[in-house]
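Asks: My questions all concern the structure below.
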Amino acid sequence: MSEEESYEEIESGRSVIENPLGLYEGERNLAGDRHGNGKALLPNGDMYSGHYCQGLRQGHGTYVFAKSGARYEGEWRRNSKHGCGSFIYPDGTRYEGEWKRDMRHGIGAYYYRNGDVYKGSWKRGYRHGLGTYTYAATGSKFYGNWIVDRMHGAGQLIHSKHRFHGFWDTNLPVGRGCYIFEDGSMQHGYYALISVDPVREETTASREASVGEDTCAEEAAEKIMTEKKEMKPVPLRTGIIPVWRARCVTAYFPELLPPEPKPLPETDSLESLSDVCEDDEPCKIKYLKREVLESYEGETEDENDKYDYEL
């Protein structure tokens, strides 16, 4: 986008320009694009302070959302949050980790306002892959596979004095598993999903046939990706509760444990954005600091930055 800009003032070698897209104070290249370090105040009150490349936010910078008070500090590429960065929400919730094209993507940690913490793999903004979720209220931890924001596949629920190894389906434990206690004993059995609504009764046999020791997180992930053009979490089931059915108790034998959770293969990745800041004269970059420009071409600013607050 291009438009004429009128020169407002010059101070300490920096130019401050007023235009319909807001105010900018900082360095520019010979073409008049925002290029180098600078600060911008958008018409909606949002503020950005950091590095630019040919008019686009690129490199390290901080963006503050005026309306909500949310704040992102980290790497940018072509106006998108891309690379490592942290996003702090108004309620204290925060994410620290990797980003791709404005979405949480890669390895990162999410700190919830109730004290819970998730650390692990992300994909297109969702918990996806191998990760650990810690419950602040009890100190218990779930370690295992996630499929589009849901616990699904092999996993472990670790408590202070015992732990459970088994399988999950849409956040519910189901099928074969075993508990391990402090004395080293193992209790074997299975989780059956029982309906609390007679009208929607779901038999143990049907659930064990679909989810259990043969559950494969990789296959589940591939199925979701092939059946849906967009990644969306599977709706949680209501009126269903998991019930533990114990069968026997033995001494501890590692070979009797269900399979360990494994990282999901990366079958889909967002197209990378170039992190190279090119210039018409790469060997002769000159910033405009004391030159008065009557008009500029190629001024750009993203007016569609949206605050991605979530509860």
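In the structure tokens, the first chain shown is A, the next is B, and so on; residue numbers restart at 1 for each chain, and ligands run from 1 in the order shown.
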Skip range 240-254 of chain A itself and residues of its chain fewer than 3 positions away, then list as a PyMOL selection string all residues within 10 Å of it, counting only C-alpha atoms.
Replies: chain A and resi 172-181+183-197+200-202+204+236-237+257-258
Asks: Per residue of range 29-78 of chain A within 12 Å of range 97-100 of chain A, what are the shortest atom pair and its distance in Å to one decimal, counting only C-alpha atoms, with rows by chain and residue number, as JSON lines?
Replies:
```
{"residue": "A:Tyr72", "atom": "CA", "partner": "A:Trp99", "partner_atom": "CA", "distance": 11.2}
{"residue": "A:Glu73", "atom": "CA", "partner": "A:Gly97", "partner_atom": "CA", "distance": 10.9}
{"residue": "A:Gly74", "atom": "CA", "partner": "A:Trp99", "partner_atom": "CA", "distance": 9.4}
{"residue": "A:Glu75", "atom": "CA", "partner": "A:Trp99", "partner_atom": "CA", "distance": 8.5}
{"residue": "A:Trp76", "atom": "CA", "partner": "A:Trp99", "partner_atom": "CA", "distance": 9.2}
{"residue": "A:Arg77", "atom": "CA", "partner": "A:Lys100", "partner_atom": "CA", "distance": 9.1}
{"residue": "A:Arg78", "atom": "CA", "partner": "A:Lys100", "partner_atom": "CA", "distance": 11.2}
```
Asks: Contacts of Gly131 in chain A at 6 Å or less, counting only C-alpha atoms, minus same-chain residues fewer than 4 places along, as a list in words?
Replies: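 That gives Lys119, Gly120, Ser121, Tyr143 and Gly144 of chain A.
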Asks: Find the residues around Lys123 in chain A up to 10 Å (only C-alpha atoms counted), leave out those fewer than 4 positions away in its own chain, and share them as a PyMOL selection string.
Replies: chain A and resi 98-100+103-107+127-129+147-149+231+266+268-270
Asks: Would you return as a list in words the members of range 112-150 of chain A that DSSP assigns to strand (DSSP E) on this structure's backbone?
Replies: Val117, Tyr118, Lys119, Gly120, Ser121, Trp122, Lys123, Tyr126, Arg127, His128, Gly129, Leu130, Gly131, Thr132, Tyr133, Thr134, Lys141, Phe142, Tyr143, Gly144, Asn145, Trp146, Ile147 and Arg150 of chain A
Asks: Restrict the selected residues to N, CA, C and O atoms and save them as a tab-separated table (two decimals), in the first residue's frame.
Replies:
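Everything below was put into out-v7.tsv:
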```
chain	number	residue	atom	x	y	z
A	117	VAL	N	-0.08	-25.67	33.71
A	117	VAL	CA	0.97	-25.42	32.73
A	117	VAL	C	1.02	-26.55	31.71
A	117	VAL	O	0.98	-27.74	32.09
A	118	TYR	N	1.07	-26.20	30.44
A	118	TYR	CA	1.30	-27.20	29.39
A	118	TYR	C	2.64	-26.89	28.73
A	118	TYR	O	2.89	-25.76	28.32
A	119	LYS	N	3.48	-27.91	28.63
A	119	LYS	CA	4.76	-27.77	27.95
A	119	LYS	C	4.89	-28.90	26.94
A	119	LYS	O	4.80	-30.08	27.30
A	120	GLY	N	5.11	-28.52	25.70
A	120	GLY	CA	5.24	-29.55	24.68
A	120	GLY	C	5.07	-29.02	23.28
A	120	GLY	O	5.38	-27.87	22.99
A	121	SER	N	4.53	-29.88	22.43
A	121	SER	CA	4.42	-29.58	21.00
A	121	SER	C	3.11	-28.86	20.68
A	121	SER	O	2.07	-29.13	21.28
A	122	TRP	N	3.20	-27.95	19.71
A	122	TRP	CA	2.04	-27.20	19.23
A	122	TRP	C	1.98	-27.28	17.71
A	122	TRP	O	3.00	-27.45	17.03
A	123	LYS	N	0.76	-27.15	17.20
A	123	LYS	CA	0.59	-27.15	15.76
A	123	LYS	C	-0.60	-26.27	15.39
A	123	LYS	O	-1.72	-26.49	15.88
A	126	TYR	N	-2.75	-25.19	18.30
A	126	TYR	CA	-3.30	-26.20	19.19
A	126	TYR	C	-2.20	-27.06	19.81
A	126	TYR	O	-1.15	-27.27	19.20
A	127	ARG	N	-2.47	-27.60	20.99
A	127	ARG	CA	-1.59	-28.60	21.58
A	127	ARG	C	-1.67	-29.84	20.69
A	127	ARG	O	-2.75	-30.43	20.51
A	128	HIS	N	-0.56	-30.25	20.15
A	128	HIS	CA	-0.58	-31.34	19.18
A	128	HIS	C	0.78	-32.02	19.17
A	128	HIS	O	1.79	-31.38	18.86
A	129	GLY	N	0.81	-33.30	19.52
A	129	GLY	CA	2.07	-34.01	19.61
A	129	GLY	C	2.32	-34.46	21.04
A	129	GLY	O	1.39	-34.72	21.81
A	130	LEU	N	3.57	-34.55	21.41
A	130	LEU	CA	3.95	-35.01	22.74
A	130	LEU	C	4.04	-33.82	23.70
A	130	LEU	O	4.70	-32.83	23.39
A	131	GLY	N	3.37	-33.93	24.85
A	131	GLY	CA	3.40	-32.81	25.79
A	131	GLY	C	3.03	-33.23	27.20
A	131	GLY	O	2.49	-34.31	27.43
A	132	THR	N	3.33	-32.33	28.14
A	132	THR	CA	3.04	-32.57	29.55
A	132	THR	C	2.14	-31.46	30.09
A	132	THR	O	2.43	-30.27	29.92
A	133	TYR	N	1.04	-31.86	30.73
A	133	TYR	CA	0.12	-30.90	31.33
A	133	TYR	C	0.15	-31.10	32.84
A	133	TYR	O	-0.10	-32.19	33.34
A	134	THR	N	0.48	-30.02	33.58
A	134	THR	CA	0.56	-30.07	35.04
A	134	THR	C	-0.63	-29.36	35.65
A	134	THR	O	-0.91	-28.20	35.32
A	141	LYS	N	0.29	-34.80	36.91
A	141	LYS	CA	0.72	-34.48	35.55
A	141	LYS	C	0.23	-35.52	34.56
A	141	LYS	O	0.19	-36.72	34.87
A	142	PHE	N	-0.17	-35.04	33.39
A	142	PHE	CA	-0.44	-35.94	32.28
A	142	PHE	C	0.69	-35.79	31.28
A	142	PHE	O	1.01	-34.69	30.84
A	143	TYR	N	1.30	-36.91	30.94
A	143	TYR	CA	2.37	-36.91	29.95
A	143	TYR	C	1.98	-37.88	28.84
A	143	TYR	O	1.74	-39.07	29.10
A	144	GLY	N	1.86	-37.37	27.63
A	144	GLY	CA	1.46	-38.25	26.54
A	144	GLY	C	1.17	-37.50	25.26
A	144	GLY	O	1.60	-36.37	25.06
A	145	ASN	N	0.39	-38.18	24.41
A	145	ASN	CA	0.09	-37.63	23.09
A	145	ASN	C	-1.15	-36.75	23.10
A	145	ASN	O	-2.11	-37.01	23.83
A	146	TRP	N	-1.10	-35.70	22.29
A	146	TRP	CA	-2.23	-34.80	22.08
A	146	TRP	C	-2.54	-34.76	20.59
A	146	TRP	O	-1.64	-34.74	19.76
A	147	ILE	N	-3.83	-34.75	20.28
A	147	ILE	CA	-4.28	-34.60	18.90
A	147	ILE	C	-5.23	-33.42	18.84
A	147	ILE	O	-6.33	-33.46	19.39
A	150	ARG	N	-6.60	-32.29	22.21
A	150	ARG	CA	-7.21	-33.32	23.03
A	150	ARG	C	-6.18	-34.40	23.38
A	150	ARG	O	-5.37	-34.79	22.55
```
Asks: CA of Asp169 in chain A to CA of Tyr95 in chain A: how many Å, to one decimal?
Replies: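 We find that CA of Asp169 in chain A and CA of Tyr95 in chain A lie 25.7 Å from each other.
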Asks: Pick from A:Ile158, A:Leu23, A:Leu256, A:Ala40: nearest to Thr138 in chain A, with only C-alpha atoms counted?
Replies: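 Distance minimum relative to Thr138 in chain A lands on A:Ile158.
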Asks: Out of A:Tyr52, A:Asp116, A:Asn44, A:His82, which residue has the shortest atom-to-atom distance to Phe65 in chain A when counting only C-alpha atoms?
Replies: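 Using only C-alpha atoms, the shortest distance to Phe65 in chain A belongs to A:Asn44.
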Asks: Which of these residues is nearest to Gly45 in chain A, using only C-alpha atoms: A:Gly32, A:Gly139, A:Gly22, A:Gly125?
Replies: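 Smallest distance to Gly45 in chain A is found for A:Gly22.
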Asks: Restricting the calculation to only C-alpha atoms: of A:Pro261, A:Glu182, A:Gly50, A:Leu42, which residue gets closest to Gly26 in chain A?
Replies: A:Gly50
